[in-house]
Amino acid sequence: MDDSLPPGQRALDRFPRFGTNQGPPPAVPSAPVIEFAGAVDAPTTIAAADFASLPRRTLLADFHCVAGWSARGLRWEGVPLREVLRPSAAATHVRLVGLDGHWSVMLLEDALADDVLLADRLDGTPLGAKHGAPVRLVAPAHYGFVNVKHLCRIEVLTAEPAQSHGGASGPADLGLRLLGYRRFTRARVWEEERNAVLPARVIRLVGRVIGP
Ligand SMILES: Nc1nc2c(c(=O)[nH]1)N[C@H]1C(S)=C(S)[C@@H](COP(=O)(O)O)O[C@H]1N2
Ligand SMILES: [Mo]
């Protein structure tokens with residue numbers, strides 16, 4: 001793996017819990033599933049318990065939060081999204097939704113990249129509540145907010161939605177709005193696409209204040 005960090009990131013020596021959900025992690029249903037809805041060949045659900053029998057891969061990757069911190073060398077295991085997503089021909093974007101209400105939108109082609117994982121294990125153990133149990137999205141080329149934890153639903157869209165991100169709570173959602181996280185951005189870390197509206201240095205400054 002390349003040793004360098006994307007522009008404007010600083011390495012932490014730990015992997016903190018972070019995000020728009022500042023409360024406790026959401027309760028996980030006893031038999032959790034991920035729903036695939038919208039512009040798909042056929043709406044379906046996959047039980048988290050069935051992940052073990054699907055095509056899997058291991059991914060060694062750094063994790064980059066838009067607030068400016070990076071956690072290095074994480075070892076994720078799970079099912080590549082492109083192994084299970086069946087978008088219809090008209091599909092353009094996907095909306096990823098977490099059990100706590102946090103959500104984010106990706107370009108379909110970004111979501112189908114081979115390093116985008118539905119991860120159920122981290123560093124050799126089942127994913128815990130702190131980092132997104134039972135399953136989270138891992139997209140290392142995109143900022144943390146795209147990497148939705150406690151993933152419960154993937155909606156395939158046929159147009160870019162008017163609103164592209166949502167926080168897990170009212171205040172967090174308002175904070176995102178105020179920072180311009182209404183408008184779509186691919187949020188690619190190497191291109192430093194921190195925000196669709198504000199310059200990257202403004203987001204880095206905010207990140208210094210609210211960061212872990
Ligand atoms: N469900 C959910 N997913 C989420 C968040 C959240 O609050 N809830 N926060 C996002 C943000 S802003 C970041 S930086 C990462 C943090 O992941 P971590 O808590 O595993 O470090 O999760 C992202 N995914
Ligand atoms: Mo973040």
# chains A, B, ... in the order shown; residues from 1 in each chain; ligands from 1
>>> residues_around(residues="region 25-36 of chain A", least_positions_apart="4", cutoff="9 Å", atoms="only C-alpha atoms", output="PyMOL selection string")
chain A and resi 21+40+42-49+85-86+98-100+129-135+150-156
>>> select_by_dssp(residues="chain A", states="helix (DSSP H, G or I)", output="mmCIF file with C-alpha atoms, in the first residue's frame")
data_model
loop_
_atom_site.group_PDB
_atom_site.id
_atom_site.type_symbol
_atom_site.label_atom_id
_atom_site.label_comp_id
_atom_site.auth_asym_id
_atom_site.auth_seq_id
_atom_site.Cartn_x
_atom_site.Cartn_y
_atom_site.Cartn_z
ATOM 1 C CA ALA A 48 -26.314 -10.199 7.243
ATOM 2 C CA ALA A 49 -26.072 -13.839 8.298
ATOM 3 C CA ASP A 50 -25.766 -14.868 4.628
ATOM 4 C CA PHE A 51 -22.736 -12.697 3.985
ATOM 5 C CA ALA A 52 -20.409 -15.542 4.936
ATOM 6 C CA SER A 53 -21.536 -17.585 1.929
ATOM 7 C CA LEU A 81 -21.004 -4.209 -3.363
ATOM 8 C CA ARG A 82 -20.678 -4.959 -7.067
ATOM 9 C CA GLU A 83 -21.104 -8.666 -6.373
ATOM 10 C CA VAL A 84 -24.626 -8.117 -5.060
ATOM 11 C CA LEU A 108 -23.215 4.497 -9.328
ATOM 12 C CA GLU A 109 -19.834 4.026 -11.026
ATOM 13 C CA ASP A 110 -18.048 4.902 -7.766
ATOM 14 C CA ALA A 111 -20.223 2.449 -5.836
ATOM 15 C CA ALA A 129 -21.236 -1.327 17.365
ATOM 16 C CA LYS A 130 -18.566 1.392 17.429
ATOM 17 C CA HIS A 131 -17.687 1.021 13.758
ATOM 18 C CA GLY A 144 -15.804 8.882 5.865
ATOM 19 C CA PHE A 145 -19.331 10.277 5.643
ATOM 20 C CA VAL A 146 -19.916 8.175 2.521
ATOM 21 C CA GLY A 170 -31.721 16.922 13.836
ATOM 22 C CA PRO A 171 -28.775 19.065 14.962
ATOM 23 C CA ALA A 172 -26.260 17.033 12.920
ATOM 24 C CA ASP A 173 -28.519 17.271 9.912
ATOM 25 C CA LEU A 174 -28.764 21.048 10.351
ATOM 26 C CA GLY A 175 -24.969 21.243 10.695
ATOM 27 C CA LEU A 176 -24.543 19.399 7.405
ATOM 28 C CA ARG A 177 -27.032 21.737 5.713
ATOM 29 C CA LEU A 178 -25.231 24.828 7.027
ATOM 30 C CA ALA A 200 -11.454 22.489 1.331
ATOM 31 C CA ARG A 201 -9.532 24.668 3.808
ATOM 32 C CA VAL A 202 -12.792 25.843 5.421
ATOM 33 C CA ILE A 203 -13.904 22.252 5.974
ATOM 34 C CA ARG A 204 -10.442 21.383 7.359
ATOM 35 C CA LEU A 205 -10.750 24.295 9.800
ATOM 36 C CA VAL A 206 -14.201 23.126 10.944
ATOM 37 C CA GLY A 207 -12.713 19.646 11.264
ATOM 38 C CA ARG A 208 -10.036 20.962 13.616
ATOM 39 C CA VAL A 209 -12.788 22.202 15.926
ATOM 40 C CA ILE A 210 -15.140 19.225 15.829
#
>>> closest_atom_pairs(of="chain A", to="ligand 2", cutoff="8 Å", atoms="only C-alpha atoms and all ligand atoms", output="Markdown table")
| residue | atom | partner | partner_atom_place_in_ligand_line | distance |
| --- | --- | --- | --- | --- |
| A:Phe18 | CA | ligand 2 | 1 (Mo) | 6.5 |
| A:Gly19 | CA | ligand 2 | 1 (Mo) | 5.3 |
| A:Thr20 | CA | ligand 2 | 1 (Mo) | 7.7 |
| A:His64 | CA | ligand 2 | 1 (Mo) | 7.7 |
| A:Cys65 | CA | ligand 2 | 1 (Mo) | 4.2 |
| A:Val66 | CA | ligand 2 | 1 (Mo) | 5.0 |
| A:Ala67 | CA | ligand 2 | 1 (Mo) | 5.8 |
| A:Tyr143 | CA | ligand 2 | 1 (Mo) | 6.7 |
| A:Gly144 | CA | ligand 2 | 1 (Mo) | 4.5 |
| A:Phe145 | CA | ligand 2 | 1 (Mo) | 4.7 |
>>> residues_around(residues="Ala71 (chain A)", least_positions_apart="5", cutoff="6 Å", atoms="only C-alpha atoms", output="NGL selection string")
:A and (12 or 15 or 62-63)
>>> write_last_selection(atoms="N, CA, C and O atoms", output="PDB file, in the first residue's frame")
ATOM      1  N   LEU A  12      -3.959   9.590  12.549  1.00  0.00           N
ATOM      2  CA  LEU A  12      -4.169   9.326  13.976  1.00  0.00           C
ATOM      3  C   LEU A  12      -3.559   7.959  14.262  1.00  0.00           C
ATOM      4  O   LEU A  12      -3.444   7.131  13.365  1.00  0.00           O
ATOM      5  N   PHE A  15      -8.373   4.460  15.719  1.00  0.00           N
ATOM      6  CA  PHE A  15      -9.548   4.592  14.853  1.00  0.00           C
ATOM      7  C   PHE A  15     -10.716   4.988  15.751  1.00  0.00           C
ATOM      8  O   PHE A  15     -11.320   4.142  16.409  1.00  0.00           O
ATOM      9  N   ASP A  62      -6.589   2.644   4.330  1.00  0.00           N
ATOM     10  CA  ASP A  62      -6.682   3.755   5.264  1.00  0.00           C
ATOM     11  C   ASP A  62      -8.108   4.302   5.212  1.00  0.00           C
ATOM     12  O   ASP A  62      -8.814   4.116   4.219  1.00  0.00           O
ATOM     13  N   PHE A  63      -8.501   4.984   6.297  1.00  0.00           N
ATOM     14  CA  PHE A  63      -9.857   5.558   6.382  1.00  0.00           C
ATOM     15  C   PHE A  63      -9.719   7.057   6.605  1.00  0.00           C
ATOM     16  O   PHE A  63      -9.031   7.490   7.533  1.00  0.00           O
TER      17      PHE A  63
END
>>> atom_distance(atom1="CA of Ser104 (chain A)", atom2="CA of Ala90 (chain A)")
19.7 Å
>>> select_by_dssp(residues="region 111-157 of chain A", states="strand (DSSP E or B)", output="number ranges by chain")
A: 117-122, 125-126, 136-138, 142, 151-157
>>> atom_distance(atom1="CA of Gln9 (chain A)", atom2="CA of Gly68 (chain A)")
4.7 Å
>>> closest_residue(among="A:Leu54, A:Val148, A:Ala37, A:Ala196", to="ligand 1", atoms="only C-alpha atoms and all ligand atoms")
A:Val148
>>> residues_around(residues="Val189 (chain A)", least_positions_apart="6", cutoff="7 Å", atoms="only C-alpha atoms", output="list in words")
Pro6, Ala141, His142 and Tyr143 of chain A
>>> write_last_selection(atoms="C-alpha atoms", output="PDB file, in the first residue's frame")
ATOM      1  CA  PRO A   6      -4.309  12.215   0.645  1.00  0.00           C
ATOM      2  CA  ALA A 141     -11.389   6.396  -1.939  1.00  0.00           C
ATOM      3  CA  HIS A 142     -14.235   8.471  -0.469  1.00  0.00           C
ATOM      4  CA  TYR A 143     -14.464  10.491   2.722  1.00  0.00           C
TER       5      TYR A 143
END
